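File shown here: coords31.txt, holding compact mmCIF, C-alpha atoms (C1' of nucleotides).
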# COMPACT_ATOMS: atom_id res chain seq x y z
CA MET A 1019 21.02 -25.76 27.06
CA LEU A 1020 20.50 -23.21 24.31
CA ARG A 1021 17.39 -21.03 24.53
CA ILE A 1022 16.10 -19.49 21.31
CA ALA A 1023 13.22 -17.01 21.35
CA THR A 1024 11.10 -15.15 18.81
CA PHE A 1025 9.51 -11.78 19.56
CA ASN A 1026 7.55 -9.45 17.29
CA ILE A 1027 8.37 -6.18 19.02
CA ASN A 1028 6.18 -3.84 16.88
CA GLY A 1029 8.73 -1.06 16.54
CA ILE A 1030 12.16 -0.89 18.14
CA LYS A 1031 11.93 2.84 18.92
CA ALA A 1032 8.70 2.42 20.86
CA ARG A 1033 9.80 -0.84 22.45
CA ALA A 1034 13.34 -0.13 23.66
CA ALA A 1035 12.40 -0.35 27.36
CA VAL A 1036 10.40 -3.56 26.95
CA LEU A 1037 13.15 -5.18 24.90
CA ALA A 1038 15.85 -4.19 27.40
CA ARG A 1039 13.85 -5.57 30.32
CA TRP A 1040 13.09 -8.77 28.42
CA LEU A 1041 16.74 -9.37 27.53
CA ASP A 1042 17.74 -8.76 31.16
CA GLU A 1043 15.06 -11.00 32.67
CA SER A 1044 14.65 -13.75 30.10
CA ALA A 1045 18.20 -13.67 28.71
CA PRO A 1046 17.74 -15.92 25.66
CA ASP A 1047 20.96 -17.16 24.05
CA VAL A 1048 19.56 -16.38 20.61
CA ALA A 1049 16.57 -14.23 19.68
CA VAL A 1050 14.90 -13.27 16.42
CA LEU A 1051 12.95 -10.04 16.30
CA GLN A 1052 10.26 -8.97 13.85
CA GLU A 1053 8.73 -5.62 12.94
CA ILE A 1054 11.73 -3.61 14.05
CA LYS A 1055 10.29 -0.85 11.79
CA SER A 1056 13.76 0.61 11.46
CA THR A 1057 16.59 0.92 9.00
CA ASP A 1058 19.83 -0.86 9.86
CA GLU A 1059 21.43 2.54 10.52
CA GLY A 1060 18.58 3.66 12.79
CA PHE A 1061 18.60 0.60 15.03
CA PRO A 1062 19.79 1.34 18.61
CA ARG A 1063 22.61 -1.18 18.53
CA ASP A 1064 23.94 -0.34 21.99
CA LEU A 1065 20.76 -1.67 23.55
CA ILE A 1066 21.61 -5.15 22.24
CA GLU A 1067 25.40 -5.12 22.05
CA GLY A 1068 25.70 -3.60 25.51
CA ARG A 1069 24.05 -6.75 26.85
CA GLY A 1070 26.60 -9.05 25.30
CA TYR A 1071 24.83 -9.96 22.08
CA GLN A 1072 26.01 -9.92 18.49
CA LEU A 1073 23.35 -8.15 16.42
CA GLU A 1074 22.48 -8.65 12.74
CA THR A 1075 19.65 -6.61 11.29
CA HIS A 1076 17.74 -6.58 8.03
CA GLY A 1077 15.69 -3.43 8.22
CA GLN A 1078 13.79 -0.97 6.09
CA LYS A 1079 12.26 2.42 6.73
CA GLY A 1080 8.98 2.46 8.63
CA PHE A 1081 7.71 -1.06 8.15
CA ASN A 1082 8.67 -4.69 8.60
CA GLY A 1083 12.31 -5.46 9.42
CA VAL A 1084 13.86 -8.45 11.18
CA ALA A 1085 16.94 -9.10 13.32
CA ILE A 1086 18.93 -11.89 14.92
CA LEU A 1087 20.85 -11.48 18.14
CA SER A 1088 23.09 -14.07 19.74
CA LYS A 1089 25.44 -14.42 22.67
CA GLN A 1090 27.54 -16.80 20.58
CA PRO A 1091 29.03 -15.54 17.30
CA LEU A 1092 26.85 -15.50 14.19
CA THR A 1093 28.32 -16.38 10.80
CA ASP A 1094 27.09 -16.90 7.23
CA VAL A 1095 24.46 -14.18 7.68
CA ARG A 1096 22.02 -13.88 4.76
CA ARG A 1097 19.41 -11.21 4.34
CA GLY A 1098 16.24 -11.48 2.29
CA LEU A 1099 14.19 -14.43 1.09
CA PRO A 1100 15.41 -15.62 -2.34
CA GLY A 1101 13.10 -16.04 -5.30
CA ASP A 1102 11.91 -12.52 -6.20
CA ASP A 1103 14.36 -9.74 -7.04
CA GLU A 1104 11.49 -7.21 -7.07
CA ASP A 1105 10.59 -7.86 -3.43
CA THR A 1106 11.92 -5.01 -1.30
CA GLN A 1107 10.20 -5.97 1.97
CA ALA A 1108 12.61 -6.92 4.78
CA ARG A 1109 11.11 -10.11 6.21
CA TRP A 1110 13.82 -12.79 6.29
CA ILE A 1111 17.26 -13.23 7.85
CA GLU A 1112 19.32 -16.34 8.48
CA ALA A 1113 22.58 -17.07 10.27
CA ARG A 1114 24.66 -19.91 11.62
CA VAL A 1115 25.25 -19.95 15.38
CA GLU A 1116 28.84 -20.81 16.19
CA GLY A 1117 29.46 -23.51 18.77
CA ALA A 1118 25.91 -24.85 18.54
CA GLY A 1119 26.43 -28.06 16.58
CA GLY A 1120 25.95 -26.63 13.10
CA LEU A 1121 22.73 -24.86 14.03
CA THR A 1122 21.18 -22.44 11.53
CA VAL A 1123 18.51 -20.01 12.71
CA CYS A 1124 16.13 -18.22 10.36
CA GLY A 1125 14.09 -15.24 11.52
CA LEU A 1126 10.97 -14.51 9.50
CA TYR A 1127 8.11 -12.05 9.36
CA LEU A 1128 5.55 -13.60 7.05
CA PRO A 1129 3.19 -11.17 5.28
CA ASN A 1130 -0.17 -10.51 6.93
CA GLY A 1131 -2.12 -10.94 3.68
CA ASN A 1132 -5.25 -8.94 4.47
CA PRO A 1133 -7.52 -8.14 2.85
CA ALA A 1134 -8.16 -11.54 1.32
CA PRO A 1135 -8.67 -12.10 -1.51
CA GLY A 1136 -6.49 -9.46 -3.12
CA PRO A 1137 -2.91 -8.58 -4.08
CA LYS A 1138 -1.70 -8.66 -0.48
CA PHE A 1139 -3.06 -12.16 -0.04
CA ASP A 1140 -1.42 -13.21 -3.32
CA TYR A 1141 1.88 -11.80 -2.02
CA LYS A 1142 1.50 -13.78 1.20
CA LEU A 1143 0.92 -17.07 -0.63
CA ALA A 1144 3.76 -16.40 -3.09
CA TRP A 1145 6.06 -15.58 -0.16
CA MET A 1146 5.15 -18.89 1.48
CA GLU A 1147 6.02 -20.71 -1.77
CA ARG A 1148 9.40 -18.98 -1.82
CA MET A 1149 9.93 -19.93 1.81
CA GLN A 1150 9.08 -23.53 0.91
CA ALA A 1151 11.85 -23.48 -1.71
CA ARG A 1152 14.44 -21.91 0.59
CA VAL A 1153 13.63 -24.28 3.47
CA THR A 1154 13.94 -27.24 1.09
CA GLU A 1155 17.48 -26.08 0.29
CA LEU A 1156 18.36 -25.60 3.94
CA LEU A 1157 16.98 -29.01 4.95
CA ALA A 1158 19.25 -30.68 2.39
CA ARG A 1159 22.18 -29.80 4.66
CA GLU A 1160 20.81 -32.28 7.21
CA CYS A 1161 21.81 -29.97 10.06
CA PRO A 1162 19.79 -28.56 12.94
CA LEU A 1163 17.57 -25.78 11.61
CA VAL A 1164 15.21 -23.49 13.52
CA LEU A 1165 12.66 -21.39 11.60
CA ALA A 1166 11.36 -18.85 14.08
CA GLY A 1167 9.15 -15.82 13.73
CA ASP A 1168 5.79 -14.26 13.14
CA TYR A 1169 4.14 -16.58 10.60
CA ASN A 1170 0.84 -14.68 10.52
CA VAL A 1171 -0.86 -18.07 10.29
CA ILE A 1172 -3.29 -19.57 12.82
CA PRO A 1173 -2.61 -23.24 12.12
CA GLN A 1174 -5.64 -24.83 13.82
CA PRO A 1175 -8.92 -23.79 15.48
CA SER A 1176 -7.28 -24.58 18.82
CA ASP A 1177 -4.85 -21.74 18.11
CA ALA A 1178 -7.55 -19.08 18.53
CA ALA A 1179 -9.86 -18.18 21.40
CA ARG A 1180 -12.62 -17.48 18.88
CA PRO A 1181 -11.74 -19.27 15.63
CA GLU A 1182 -15.08 -18.34 14.04
CA ALA A 1183 -14.07 -14.67 14.23
CA TRP A 1184 -11.07 -15.40 11.98
CA ARG A 1185 -12.82 -17.55 9.39
CA ASP A 1186 -12.40 -15.16 6.45
CA ASP A 1187 -9.16 -13.60 7.64
CA ALA A 1188 -5.88 -14.08 5.75
CA LEU A 1189 -4.35 -15.54 8.94
CA PHE A 1190 -6.83 -18.41 9.06
CA ARG A 1191 -8.06 -18.92 5.50
CA PRO A 1192 -7.73 -22.44 4.09
CA GLU A 1193 -5.06 -21.36 1.59
CA SER A 1194 -2.81 -19.95 4.35
CA ARG A 1195 -3.25 -22.97 6.57
CA ALA A 1196 -2.62 -25.35 3.67
CA ALA A 1197 0.62 -23.55 2.82
CA PHE A 1198 1.67 -23.81 6.47
CA ARG A 1199 0.90 -27.56 6.41
CA ARG A 1200 2.94 -27.97 3.22
CA LEU A 1201 5.86 -26.35 5.03
CA GLN A 1202 5.47 -28.75 7.95
CA ALA A 1203 5.18 -31.66 5.52
CA LEU A 1204 8.79 -31.04 4.50
CA GLY A 1205 9.53 -32.70 7.82
CA LEU A 1206 9.32 -29.84 10.31
CA TYR A 1207 8.02 -29.92 13.86
CA ASP A 1208 6.02 -27.21 15.63
CA ALA A 1209 8.10 -27.00 18.80
CA ILE A 1210 5.31 -26.04 21.20
CA ARG A 1211 2.95 -28.77 20.01
CA LEU A 1212 5.77 -31.32 19.93
CA ARG A 1213 6.87 -30.60 23.49
CA HIS A 1214 3.33 -30.04 24.84
CA PRO A 1215 0.96 -32.21 22.78
CA GLU A 1216 -1.73 -31.86 25.44
CA SER A 1217 -1.91 -28.15 24.65
CA ALA A 1218 -3.65 -28.90 21.33
CA SER A 1219 -6.76 -30.03 23.23
CA ALA A 1220 -9.26 -27.71 24.88
CA PRO A 1221 -8.94 -25.05 26.14
CA PRO A 1222 -7.39 -23.22 23.16
CA GLY A 1223 -3.90 -21.78 23.49
CA PRO A 1224 -1.25 -20.88 24.28
CA PHE A 1225 -1.50 -17.56 22.42
CA THR A 1226 1.24 -15.21 21.24
CA PHE A 1227 -0.86 -12.25 20.07
CA TRP A 1228 -3.67 -10.22 21.58
CA ASP A 1229 -5.07 -7.18 19.79
CA TYR A 1230 -4.60 -3.81 21.49
CA GLN A 1231 -8.33 -3.17 21.01
CA ALA A 1232 -11.43 -4.13 22.92
CA GLY A 1233 -9.61 -5.50 25.94
CA ALA A 1234 -8.50 -8.55 24.00
CA ARG A 1235 -5.67 -9.31 26.42
CA ALA A 1236 -7.85 -8.97 29.52
CA ARG A 1237 -10.41 -11.33 27.98
CA ASN A 1238 -7.63 -13.64 26.74
CA ASP A 1239 -9.02 -13.26 23.23
CA GLY A 1240 -5.77 -14.28 21.55
CA ILE A 1241 -4.27 -16.24 18.69
CA ARG A 1242 -1.09 -18.27 18.21
CA ILE A 1243 0.75 -16.99 15.14
CA ASP A 1244 4.39 -16.87 16.30
CA HIS A 1245 5.99 -20.25 15.77
CA LEU A 1246 9.29 -22.11 15.98
CA LEU A 1247 9.48 -24.90 13.40
CA LEU A 1248 12.32 -27.40 13.82
CA SER A 1249 14.15 -29.69 11.43
CA PRO A 1250 14.52 -33.31 12.58
CA HIS A 1251 18.06 -32.69 13.85
CA ALA A 1252 16.87 -29.72 15.89
CA ALA A 1253 13.78 -31.59 17.14
CA ASP A 1254 16.03 -34.36 18.47
CA ARG A 1255 17.58 -31.75 20.76
CA LEU A 1256 14.31 -30.15 21.89
CA ARG A 1257 13.96 -30.16 25.66
CA ASP A 1258 11.31 -27.53 26.25
CA ALA A 1259 9.18 -24.90 24.53
CA TRP A 1260 6.55 -22.41 25.58
CA VAL A 1261 5.26 -18.83 25.48
CA GLU A 1262 6.21 -16.02 27.86
CA ASP A 1263 3.02 -14.21 28.78
CA ALA A 1264 4.49 -11.58 31.08
CA PRO A 1265 5.89 -9.05 28.56
CA ARG A 1266 2.39 -8.59 27.10
CA ASP A 1267 1.37 -7.00 30.43
CA TRP A 1268 4.35 -4.69 30.88
CA GLU A 1269 4.02 -0.97 30.34
CA LYS A 1270 3.74 0.02 26.66
CA PRO A 1271 3.82 -3.59 25.44
CA SER A 1272 4.03 -5.06 21.96
CA ASP A 1273 0.81 -6.75 20.84
CA HIS A 1274 2.84 -9.97 20.54
CA THR A 1275 4.63 -11.85 23.30
CA PRO A 1276 7.75 -14.05 23.01
CA ALA A 1277 7.77 -17.79 22.31
CA TRP A 1278 10.89 -19.86 22.98
CA ILE A 1279 12.57 -23.24 22.81
CA ALA A 1280 15.38 -24.89 24.76
CA LEU A 1281 17.74 -27.17 22.85
CA ALA A 1282 20.19 -29.61 24.41
CA ALA A 1283 23.78 -28.62 23.76
C1' DA B 127 -24.80 -3.49 18.33
C1' DT B 128 -20.86 -0.95 17.86
C1' DG B 129 -16.29 0.25 18.19
C1' DG B 130 -12.57 -0.02 20.42
C1' DC B 131 -5.61 0.59 19.61
C1' DT B 132 -0.72 1.43 18.29
C1' DG B 133 3.39 2.74 15.51
C1' DT B 134 5.53 4.98 11.63
C1' DC B 135 6.58 8.91 8.61
C1' DC B 136 7.53 13.33 3.57
C1' DC B 137 4.12 13.89 10.99
C1' DT B 138 -1.35 16.56 13.16
C1' DG B 139 -3.76 12.46 8.79
C1' DA B 140 -2.99 8.16 6.17
C1' DC B 141 -1.66 3.67 6.17
C1' DA B 142 -0.55 -0.82 8.06
C1' DG B 143 -1.12 -4.11 11.25
C1' DA B 144 -3.91 -8.77 12.77
Have the structure of the file written as structure tokens, please.
Amino acid sequence: MLRIATFNINGIKARAAVLARWLDESAPDVAVLQEIKSTDEGFPRDLIEGRGYQLETHGQKGFNGVAILSKQPLTDVRRGLPGDDEDTQARWIEARVEGAGGLTVCGLYLPNGNPAPGPKFDYKLAWMERMQARVTELLARECPLVLAGDYNVIPQPSDAARPEAWRDDALFRPESRAAFRRLQALGLYDAIRLRHPESASAPPGPFTFWDYQAGARARNDGIRIDHLLLSPHAADRLRDAWVEDAPRDWEKPSDHTPAWIALAA
DNA sequence: ATGGCTGTCCCTGACAGA
């Protein structure tokens, strides 16, 4: 079994202890990280490599930044989402996992898009179009493909404790949700809903993000915005998928918590 | 009813996040 997780860590410098504990306790075979908020040079590599992982980063100073780590070797690493040479934001990384049946893993940090409407929302929607194009290319390989990360999209009302509170937000606006559906319509499966279809009914959840403010975590006022989308070849191998709540309650937590899948070898 | 938190950097305030 191969476990692949996604975790928006909200800053590697502030989250070193949480990340170390999570790698020790959860021990995913492959993980994608978002919002490392670090340059490649500034990333504390020992934290990852000392635990037996190969690390590939795509960082920038202060904001954004993504990474892939894997216990099995990573090859064919690509950094950056194609389609706009002017885009300097570090939000996309992809790599092939050796010894995993031709598996490619993409780690993504999709733009937030607020306030909407506005230039940031336009950037979000354009980014999703570029992702559509890149995923179309990757799917043509007809190999297992996992697209994991912080999508900054609440796909359905059942993915929020209080969907009405998000009605005009870039994470839940019709344009964002439609772009997410277009992505799925390429033939991708939302791993958590595929493995746990009953979870789409009431009560809402599971969630992957709770705001730091207003006791959102204590009131379970969350949203599901971190997703693992699977190509058909990857979905065939899906054995389990869920969210790990615990790291959200550790000391000095990220506002996100990890989501994961288990694929048959 | 309101505001509420956290991380980053050209660091003690502004911006971004969601």
Inset, instruction - Return as a ChimeraX atom specification the residues belonging to chain B that are within 12 Å of chain A, counting all atoms listed in the file. - result: /B:128-135,141-144
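Of note, CA of Phe1025 in chain A and CA of Ala1049 in chain A are spaced 7.5 Å apart.
Counting from CA of Asp1244 in chain A, the distance to CA of Leu1256 in chain A is 17.5 Å.
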Check which residues of range 1069-1096 of chain A sit at most 9 Å from range 1115-1124 of chain A using only C-alpha atoms, and return one row each with the closest pair of atoms and their distance in Å to one decimal, ordered by chain and rising number, as a Markdown table.
| residue | atom | partner | partner_atom | distance |
| --- | --- | --- | --- | --- |
| A:Ile1086 | CA | A:Cys1124 | CA | 8.3 |
| A:Ser1088 | CA | A:Val1115 | CA | 7.6 |
| A:Gln1090 | CA | A:Glu1116 | CA | 6.1 |
| A:Pro1091 | CA | A:Glu1116 | CA | 5.4 |
| A:Leu1092 | CA | A:Val1115 | CA | 4.9 |
| A:Thr1093 | CA | A:Val1115 | CA | 6.6 |
| A:Asp1094 | CA | A:Val1115 | CA | 8.9 |
